[in-house]
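Listing of target14.cif; format and content: mmCIF, C-alpha atoms.
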```
data_entry
#
loop_
_atom_site.label_atom_id
_atom_site.label_comp_id
_atom_site.auth_asym_id
_atom_site.auth_seq_id
_atom_site.Cartn_x
_atom_site.Cartn_y
_atom_site.Cartn_z
CA MET A 1 170.72 109.82 -38.45
CA ARG A 2 171.54 109.48 -34.77
CA GLN A 3 170.92 112.08 -32.08
CA ASN A 4 171.83 111.92 -28.41
CA PHE A 5 169.79 113.74 -25.82
CA VAL A 6 168.99 113.77 -22.12
CA LEU A 7 165.54 113.01 -20.76
CA GLN A 8 165.44 115.22 -17.68
CA LYS A 9 161.95 114.45 -16.54
CA TRP A 10 158.76 112.90 -17.85
CA ALA A 11 155.12 112.64 -16.83
CA VAL A 12 152.10 110.85 -18.16
CA TRP A 13 148.43 111.63 -17.69
CA PRO A 14 146.21 109.95 -16.59
CA PRO A 15 148.54 108.43 -13.97
CA LEU A 16 149.60 104.84 -14.51
CA HIS A 17 148.65 103.81 -10.99
CA ALA A 18 145.73 105.75 -9.51
CA ASP A 19 142.02 105.11 -9.23
CA ARG A 20 139.52 107.56 -10.69
CA GLU A 21 139.02 109.36 -7.38
CA GLN A 22 142.75 109.91 -6.79
CA GLU A 23 143.14 110.97 -10.41
CA LEU A 24 140.45 113.69 -10.07
CA ALA A 25 141.98 114.95 -6.82
CA ILE A 26 145.44 115.29 -8.41
CA GLN A 27 143.94 116.85 -11.53
CA ASN A 28 142.15 119.51 -9.48
CA ALA A 29 145.38 120.31 -7.65
CA LEU A 30 147.37 120.51 -10.89
CA LEU A 31 144.81 122.81 -12.52
CA ALA A 32 144.22 124.95 -9.42
CA LYS A 33 146.44 127.78 -10.63
CA VAL A 34 144.94 128.02 -14.11
CA PRO A 35 142.93 131.29 -14.27
CA ALA A 36 139.16 130.64 -14.25
CA LEU A 37 138.62 132.42 -17.59
CA LEU A 38 141.08 130.02 -19.24
CA LYS A 39 139.98 126.94 -17.33
CA ARG A 40 136.43 127.16 -18.71
CA ARG A 41 137.90 126.59 -22.18
CA LEU A 42 139.75 123.39 -21.29
CA THR A 43 138.33 120.32 -22.99
CA PRO A 44 138.99 116.89 -21.45
CA LEU A 45 141.91 116.50 -23.89
CA ALA A 46 143.32 119.92 -22.95
CA LYS A 47 143.10 119.02 -19.24
CA THR A 48 145.02 115.82 -19.98
CA VAL A 49 147.78 117.82 -21.72
CA PHE A 50 147.89 120.43 -18.94
CA CYS A 51 148.22 117.76 -16.24
CA ALA A 52 151.06 115.94 -17.99
CA ALA A 53 152.88 119.19 -18.84
CA HIS A 54 152.45 120.73 -15.36
CA GLN A 55 154.12 117.73 -13.75
CA CYS A 56 157.07 118.05 -16.08
CA LEU A 57 157.78 121.65 -15.20
CA ASP A 58 160.99 122.63 -13.49
CA ASP A 59 161.78 126.06 -12.10
CA SER A 60 161.16 127.76 -15.41
CA ARG A 61 157.93 127.71 -17.38
CA PHE A 62 159.59 129.70 -20.13
CA VAL A 63 160.74 126.90 -22.42
CA PRO A 64 160.27 126.25 -26.13
CA MET A 65 157.51 123.68 -26.55
CA VAL A 66 156.78 121.04 -29.17
CA PHE A 67 153.41 119.29 -29.26
CA SER A 68 152.48 116.29 -31.33
CA SER A 69 149.01 114.85 -31.84
CA SER A 70 147.63 112.65 -34.61
CA HIS A 71 144.03 113.72 -34.25
CA GLY A 72 144.06 116.80 -31.99
CA GLU A 73 140.55 118.00 -31.17
CA LEU A 74 138.99 116.17 -34.12
CA ALA A 75 135.90 115.36 -32.04
CA LYS A 76 135.23 119.09 -31.78
CA SER A 77 135.64 119.62 -35.53
CA PHE A 78 133.36 116.66 -36.22
CA GLY A 79 130.72 118.09 -33.87
CA MET A 80 130.83 121.38 -35.80
CA MET A 81 130.51 119.59 -39.14
CA GLU A 82 127.42 117.81 -37.83
CA ARG A 83 125.93 121.18 -36.84
CA LEU A 84 126.71 122.67 -40.23
CA ALA A 85 125.10 119.65 -41.90
CA ALA A 86 122.00 120.25 -39.78
CA GLY A 87 121.92 123.87 -40.98
CA GLU A 88 122.85 125.30 -37.58
CA GLU A 89 125.33 128.06 -36.84
CA ILE A 90 128.55 126.94 -35.22
CA SER A 91 130.05 128.30 -32.03
CA PRO A 92 133.03 130.65 -32.51
CA THR A 93 134.48 129.35 -29.24
CA ALA A 94 134.18 125.75 -30.42
CA PHE A 95 135.91 126.71 -33.67
CA SER A 96 138.77 128.46 -31.88
CA LEU A 97 139.29 125.39 -29.67
CA SER A 98 139.17 122.92 -32.57
CA VAL A 99 142.31 124.03 -34.39
CA HIS A 100 145.44 121.91 -34.04
CA ASN A 101 147.38 124.46 -31.99
CA ALA A 102 144.48 125.35 -29.64
CA ILE A 103 145.76 123.43 -26.61
CA ALA A 104 149.32 124.72 -27.14
CA GLY A 105 147.91 128.25 -27.21
CA LEU A 106 145.94 127.76 -23.99
CA LEU A 107 148.99 126.32 -22.22
CA SER A 108 151.24 129.20 -23.35
CA MET A 109 148.63 131.66 -22.06
CA ALA A 110 148.25 129.83 -18.74
CA TRP A 111 152.01 129.81 -18.19
CA GLY A 112 152.72 133.21 -19.72
CA ASN A 113 155.25 131.37 -21.89
CA GLN A 114 156.25 133.42 -24.93
CA GLN A 115 158.91 131.01 -26.15
CA GLN A 116 158.47 129.40 -29.54
CA CYS A 117 155.92 126.68 -29.86
CA THR A 118 155.34 124.11 -32.60
CA VAL A 119 152.46 121.67 -33.00
CA VAL A 120 152.87 118.75 -35.38
CA ALA A 121 150.35 116.25 -36.75
CA PRO A 122 152.75 113.40 -37.44
CA GLY A 123 150.74 111.01 -39.60
CA GLU A 124 152.38 107.65 -40.31
CA GLU A 125 155.73 108.45 -38.69
CA GLY A 126 154.19 108.82 -35.25
CA LEU A 127 156.37 109.85 -32.29
CA ALA A 128 159.54 110.44 -34.32
CA ALA A 129 158.27 113.68 -35.90
CA GLY A 130 157.87 115.43 -32.52
CA PHE A 131 161.27 114.15 -31.38
CA ILE A 132 162.97 115.43 -34.53
CA GLU A 133 161.39 118.85 -34.06
CA ALA A 134 162.42 119.00 -30.38
CA LEU A 135 165.96 117.68 -30.99
CA GLY A 136 166.31 120.25 -33.78
CA LEU A 137 165.54 123.03 -31.29
CA LEU A 138 168.15 121.65 -28.88
CA GLN A 139 170.62 121.49 -31.75
CA GLU A 140 169.92 125.15 -32.49
CA GLY A 141 170.84 126.06 -28.92
CA ALA A 142 167.69 125.78 -26.78
CA GLY A 143 168.76 124.72 -23.27
CA ARG A 144 165.65 122.67 -22.69
CA VAL A 145 162.58 121.74 -24.72
CA LEU A 146 159.24 120.50 -23.46
CA LEU A 147 157.88 117.83 -25.81
CA VAL A 148 154.25 116.77 -25.32
CA PHE A 149 152.47 113.93 -27.12
CA TYR A 150 148.71 113.62 -26.76
CA ASP A 151 145.74 111.93 -28.38
CA GLU A 152 142.26 110.71 -27.62
CA PRO A 153 140.16 107.94 -29.18
CA LEU A 154 139.05 108.75 -32.71
CA VAL A 155 135.38 109.70 -33.17
CA GLY A 156 133.39 106.58 -34.14
CA PHE A 157 132.44 108.04 -37.51
CA TYR A 158 135.99 107.68 -38.86
CA PRO A 159 137.23 104.23 -39.86
CA ALA A 160 139.95 103.28 -37.35
CA ALA A 161 140.31 99.69 -38.62
CA PRO A 162 142.31 98.37 -40.37
CA PHE A 163 144.57 101.37 -39.63
CA LYS A 164 146.45 101.38 -36.34
CA LEU A 165 145.72 104.98 -35.44
CA SER A 166 143.48 105.01 -32.40
CA THR A 167 143.39 103.52 -28.90
CA ALA A 168 140.71 103.28 -26.23
CA LYS A 169 142.31 105.82 -23.90
CA ARG A 170 142.88 109.55 -23.85
CA CYS A 171 146.53 110.06 -22.94
CA ALA A 172 149.31 112.68 -22.76
CA LEU A 173 153.04 112.22 -22.26
CA ALA A 174 155.27 115.20 -21.44
CA LEU A 175 159.06 114.99 -21.75
CA GLY A 176 161.62 117.54 -20.60
CA LEU A 177 164.54 117.19 -23.02
CA ALA A 178 168.03 118.71 -22.95
CA LYS A 179 171.22 118.23 -24.93
CA THR A 180 173.39 117.48 -21.91
CA GLY A 181 173.25 117.47 -18.12
CA ASP A 182 171.46 115.41 -15.49
CA GLY A 183 168.90 112.83 -16.47
CA GLN A 184 168.48 109.71 -18.55
CA ALA A 185 170.96 109.72 -21.46
CA MET A 186 169.13 108.53 -24.57
CA ALA A 187 169.56 108.37 -28.32
CA LEU A 188 167.20 108.34 -31.30
CA SER A 189 168.24 106.87 -34.62
CA SER A 190 166.51 105.86 -37.81
CA LEU A 191 166.96 102.50 -39.48
CA PRO A 192 166.15 101.55 -43.07
CA MET A 193 163.75 98.69 -42.28
CA SER A 194 160.04 99.43 -42.37
CA GLY A 195 156.86 97.91 -40.98
CA ASP A 196 153.68 98.94 -39.26
CA ASP A 197 153.72 99.49 -35.51
CA GLY A 198 150.86 101.96 -35.78
CA GLU A 199 150.55 105.73 -35.66
CA GLN A 200 151.14 107.98 -32.67
CA PRO A 201 148.21 106.91 -30.42
CA VAL A 202 149.30 103.27 -30.66
CA GLN A 203 153.04 104.05 -30.47
CA LEU A 204 152.48 106.23 -27.41
CA GLU A 205 151.31 103.30 -25.29
CA THR A 206 154.34 101.26 -26.39
CA PHE A 207 156.71 104.14 -25.69
CA ILE A 208 155.34 104.69 -22.17
CA ARG A 209 155.88 100.98 -21.42
CA PHE A 210 159.44 101.42 -22.68
CA LEU A 211 160.05 104.38 -20.36
CA VAL A 212 158.66 102.53 -17.36
CA GLY A 213 160.15 99.13 -18.12
CA PRO A 214 163.67 97.71 -17.94
CA GLN A 215 164.29 97.17 -21.65
CA PRO A 216 167.20 99.27 -22.97
CA ARG A 217 165.94 99.65 -26.56
CA LEU A 218 162.72 100.25 -28.46
CA THR A 219 162.17 100.04 -32.22
CA LEU A 220 158.99 101.37 -33.80
CA LYS A 221 158.47 100.55 -37.45
CA THR A 222 156.52 102.77 -39.81
CA PRO A 223 155.69 102.25 -43.50
CA ARG A 224 158.80 104.22 -44.53
CA HIS A 225 161.34 103.95 -41.69
CA SER A 226 161.90 102.50 -38.35
CA TRP A 227 162.82 104.56 -35.32
CA HIS A 228 165.08 103.32 -32.62
CA TRP A 229 165.33 104.68 -29.06
CA GLU A 230 168.06 103.67 -26.64
CA LYS A 231 168.39 104.27 -22.90
CA ASN A 232 171.60 104.55 -20.85
CA VAL A 233 173.65 105.84 -23.74
CA GLN A 234 177.25 106.90 -23.01
CA ALA A 235 177.62 110.68 -23.28
CA ASP A 236 179.32 112.07 -26.39
CA MET B 1 117.46 146.58 -13.02
CA SER B 2 115.43 145.64 -16.08
CA ASP B 3 114.28 142.10 -16.84
CA LEU B 4 116.20 142.26 -20.09
CA GLU B 5 119.42 143.05 -18.25
CA ASN B 6 118.89 140.04 -15.96
CA GLU B 7 118.10 137.86 -18.93
CA LEU B 8 121.27 139.03 -20.68
CA LYS B 9 123.38 138.23 -17.63
CA GLN B 10 121.97 134.71 -17.61
CA LEU B 11 122.69 134.43 -21.34
CA ILE B 12 126.29 135.63 -20.81
CA ILE B 13 126.85 133.08 -18.03
CA GLU B 14 125.38 130.20 -20.04
CA SER B 15 126.77 130.93 -23.48
CA LEU B 16 130.28 131.75 -22.20
CA ASP B 17 130.58 128.92 -19.62
CA LEU B 18 131.03 131.29 -16.68
CA GLU B 19 129.99 128.65 -14.14
CA ASP B 20 131.61 130.46 -11.24
CA THR B 21 129.71 133.71 -11.91
CA SER B 22 126.14 134.44 -10.78
CA VAL B 23 123.62 136.94 -12.18
CA ASP B 24 124.07 139.00 -9.01
CA GLY B 25 127.82 138.94 -9.54
CA ILE B 26 127.58 140.95 -12.77
CA ASP B 27 127.08 144.70 -12.45
CA SER B 28 125.00 146.12 -15.33
CA GLN B 29 127.39 149.07 -15.67
CA GLU B 30 130.56 146.97 -15.35
CA ALA B 31 132.86 146.59 -18.37
CA LEU B 32 132.39 143.21 -20.05
CA PHE B 33 135.73 143.04 -21.86
CA ASN B 34 139.33 143.29 -20.71
CA GLU B 35 138.75 145.00 -17.37
CA GLY B 36 135.62 144.15 -15.39
CA LEU B 37 134.33 140.72 -16.30
CA GLY B 38 137.50 140.06 -18.32
CA LEU B 39 135.94 138.61 -21.47
CA ASP B 40 137.88 138.41 -24.75
CA SER B 41 137.26 138.70 -28.49
CA ILE B 42 136.12 135.07 -28.83
CA ASP B 43 133.52 135.76 -26.15
CA ALA B 44 132.33 138.76 -28.17
CA LEU B 45 131.70 136.55 -31.19
CA GLU B 46 130.01 133.87 -29.08
CA LEU B 47 127.82 136.44 -27.34
CA GLY B 48 126.90 138.01 -30.69
CA LEU B 49 125.76 134.58 -31.90
CA ALA B 50 123.75 133.92 -28.70
CA ILE B 51 122.02 137.31 -29.00
CA ARG B 52 121.19 136.69 -32.64
CA LYS B 53 119.65 133.32 -31.78
CA LYS B 54 117.67 134.52 -28.77
CA TYR B 55 116.53 138.00 -29.83
CA ASN B 56 116.90 137.81 -33.59
CA VAL B 57 118.99 140.97 -33.37
CA ARG B 58 122.06 141.11 -35.54
CA ILE B 59 125.10 143.14 -34.53
CA ASP B 60 126.85 144.27 -37.69
CA ALA B 61 130.56 144.88 -37.16
CA GLU B 62 130.61 147.09 -40.30
CA LYS B 63 127.70 149.34 -39.37
CA ASP B 64 127.30 149.25 -35.61
CA ASP B 65 129.55 150.72 -32.94
CA VAL B 66 130.54 147.33 -31.55
CA VAL B 67 132.76 148.73 -28.79
CA LYS B 68 129.87 150.82 -27.45
CA ILE B 69 127.27 148.04 -27.77
CA PHE B 70 129.42 145.51 -25.92
CA ALA B 71 130.62 148.00 -23.29
CA SER B 72 128.32 146.69 -20.53
CA VAL B 73 125.15 144.72 -19.90
CA ALA B 74 123.24 148.02 -19.72
CA ALA B 75 124.61 149.14 -23.12
CA LEU B 76 123.79 145.76 -24.65
CA ALA B 77 120.23 145.87 -23.27
CA GLU B 78 119.75 149.39 -24.65
CA PHE B 79 120.90 148.30 -28.12
CA ILE B 80 118.65 145.21 -28.18
CA GLU B 81 115.65 147.31 -27.03
CA SER B 82 116.23 149.88 -29.77
CA GLU B 83 116.65 147.21 -32.45
CA ARG B 84 113.50 145.39 -31.39
CA ASN B 85 111.37 148.56 -31.44
#
```
How would this structure read if it were set down as structure tokens?
Amino acid sequence: MRQNFVLQKWAVWPPLHADREQELAIQNALLAKVPALLKRRLTPLAKTVFCAAHQCLDDSRFVPMVFSSSHGELAKSFGMMERLAAGEEISPTAFSLSVHNAIAGLLSMAWGNQQQCTVVAPGEEGLAAGFIEALGLLQEGAGRVLLVFYDEPLVGFYPAAPFKLSTAKRCALALGLAKTGDGQAMALSSLPMSGDDGEQPVQLETFIRFLVGPQPRLTLKTPRHSWHWEKNVQAD
Amino acid sequence: MSDLENELKQLIIESLDLEDTSVDGIDSQEALFNEGLGLDSIDALELGLAIRKKYNVRIDAEKDDVVKIFASVAALAEFIESERN
């Protein structure tokens, strides 16, 4: 498979070059318009997603959205399991915020966005699953799709080694994708070779370096495929 | 205003993370849900749990008139009083 697309805009949170103080100041500004009753429900991971997504917005907030996260709010689920094990009752709010589409739901509510929204947990394939979902929507006729990858470090209880599925940093990357038009012309293809470049949290750091850096191509190998991104592709 | 009403307001603020709201900012007669304070159905469940823990009073969605009980702080206080007596 090979799919061309245009990267209109992208944003990462936390910022690549800002100290903690600057970061908090920008975060407060980005979240200023979120209604107080919604803002109280934002976990640190949700704030990270909101900040990346907000910076990627153009004139319209009403776009189909695809989210991809390996672990989602697993820390919240784990906290609830510990409470259950201790014989305590669990918080309905905590439960509602622990599900895999919780952050997507909060963002749709904050933006009043009633367009379709998909949240994937990509497992071994990593970033490619979210891209395939988003490119599929473009193929079906969506003018623009907002694709957001996010993850935070896995709770210590779960064995991260020897698997490459967790990093030390909480991070979100938002991408505004279109089929044609202004922006960075890119292509995604799959290749038959396989390997192990890690799951989404690990791939995400590599992919951000690829976006920032000068290299024209990036290949990420997974146990079943490898995925190949190219920049500066000639339009169809 | 009764002590119980004040206590309930504090419980609402703490259990529902309403950091920007003060006890004085909640009117005992004001609607808690939708209009008024603007709480939602998840808040209703959370508040029900907090009330069960603190007062050992169980609100039964099958038996009790939940809409009436959760209408305002005053209504909630009245229900808890009657259940405790």
Chain B contacts to chain A at 8 Å (all atoms listed in the file) as a ChimeraX atom specification: /B:17-18,38-39,42-43,45-46,49
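If you count only C-alpha atoms and draw a sphere of 12 Å around (122.9, 132.9, -17.5), the protein and nucleic acid residues inside it come out as Leu4, Glu5, Asn6, Glu7, Leu8, Lys9, Gln10, Leu11, Ile12, Ile13, Glu14, Ser15, Leu16, Asp17, Leu18, Glu19, Asp20, Thr21, Ser22, Val23, Asp24, Gly25, Ile26, Leu47 and Ala50 of chain B.
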Target residues per the PyMOL selection byres ((chain B and resi 73-75) around 9), formatted as a PyMOL selection string: chain B and resi 1-2+5-6+8-9+26-32+68-72+76-80
Expansion of the PyMOL selection byres ((chain A and resi 74) around 9) into residues, as a VMD selection string: chain A and resid 71 to 73 75 to 79 98 to 100 154 to 155
Point-to-point distance from CA of Asp19 (chain A) to CA of Ala32 (chain A), Å rounded to tenths: 20.0 Å
May I have the centre and edge lengths, in Å to one decimal, of an axis-aligned box around the listed atoms of region 54-66 of chain B with 4 Å added to every side, as JSON?
```
{"center_x": 123.6, "center_y": 142.6, "center_z": -34.5, "size_x": 22.1, "size_y": 24.2, "size_z": 19.5}
```
Matched chain/residue IDs from the PyMOL selection byres ((chain A and resi 125-135) around 8), as a PyMOL selection string: chain A and resi 3+5+65-68+70+120+122-124+136-139+145-147+149+177+198-201+203-204+222-225+227
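Proximity to Cys117 (chain A) at 9 Å, evaluated using all atoms listed in the file and with sequence-adjacent residues fewer than 2 positions away removed, yields Val63, Pro64, Met65, Val66, Phe67, Ala104, Gly105, Ser108, Gln114, Gln115 and Val119 of chain A.
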Protein/DNA/RNA residues near (169.9, 110.6, -27.2), cut 7 Å, all atoms listed in the file, as a PyMOL selection string: chain A and resi 3-6+185-188+233
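Between CA of Trp10 (chain A) and CA of Pro35 (chain A) lies a distance of 24.5 Å.
Between CA of Leu220 (chain A) and CA of Arg170 (chain A) there is a distance of 20.6 Å.
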Test item: residues at most 10 Å from Leu38 (chain A), only C-alpha atoms, excluding those fewer than 5 positions along its chain, as an MDAnalysis selection string: chainID A and resid 106:107 109:110
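Residues within 10 Å of Val66 (chain B), counting only C-alpha atoms and excluding same-chain residues fewer than 6 positions away, are B:Ala44, B:Ile59, B:Asp60, B:Leu76.
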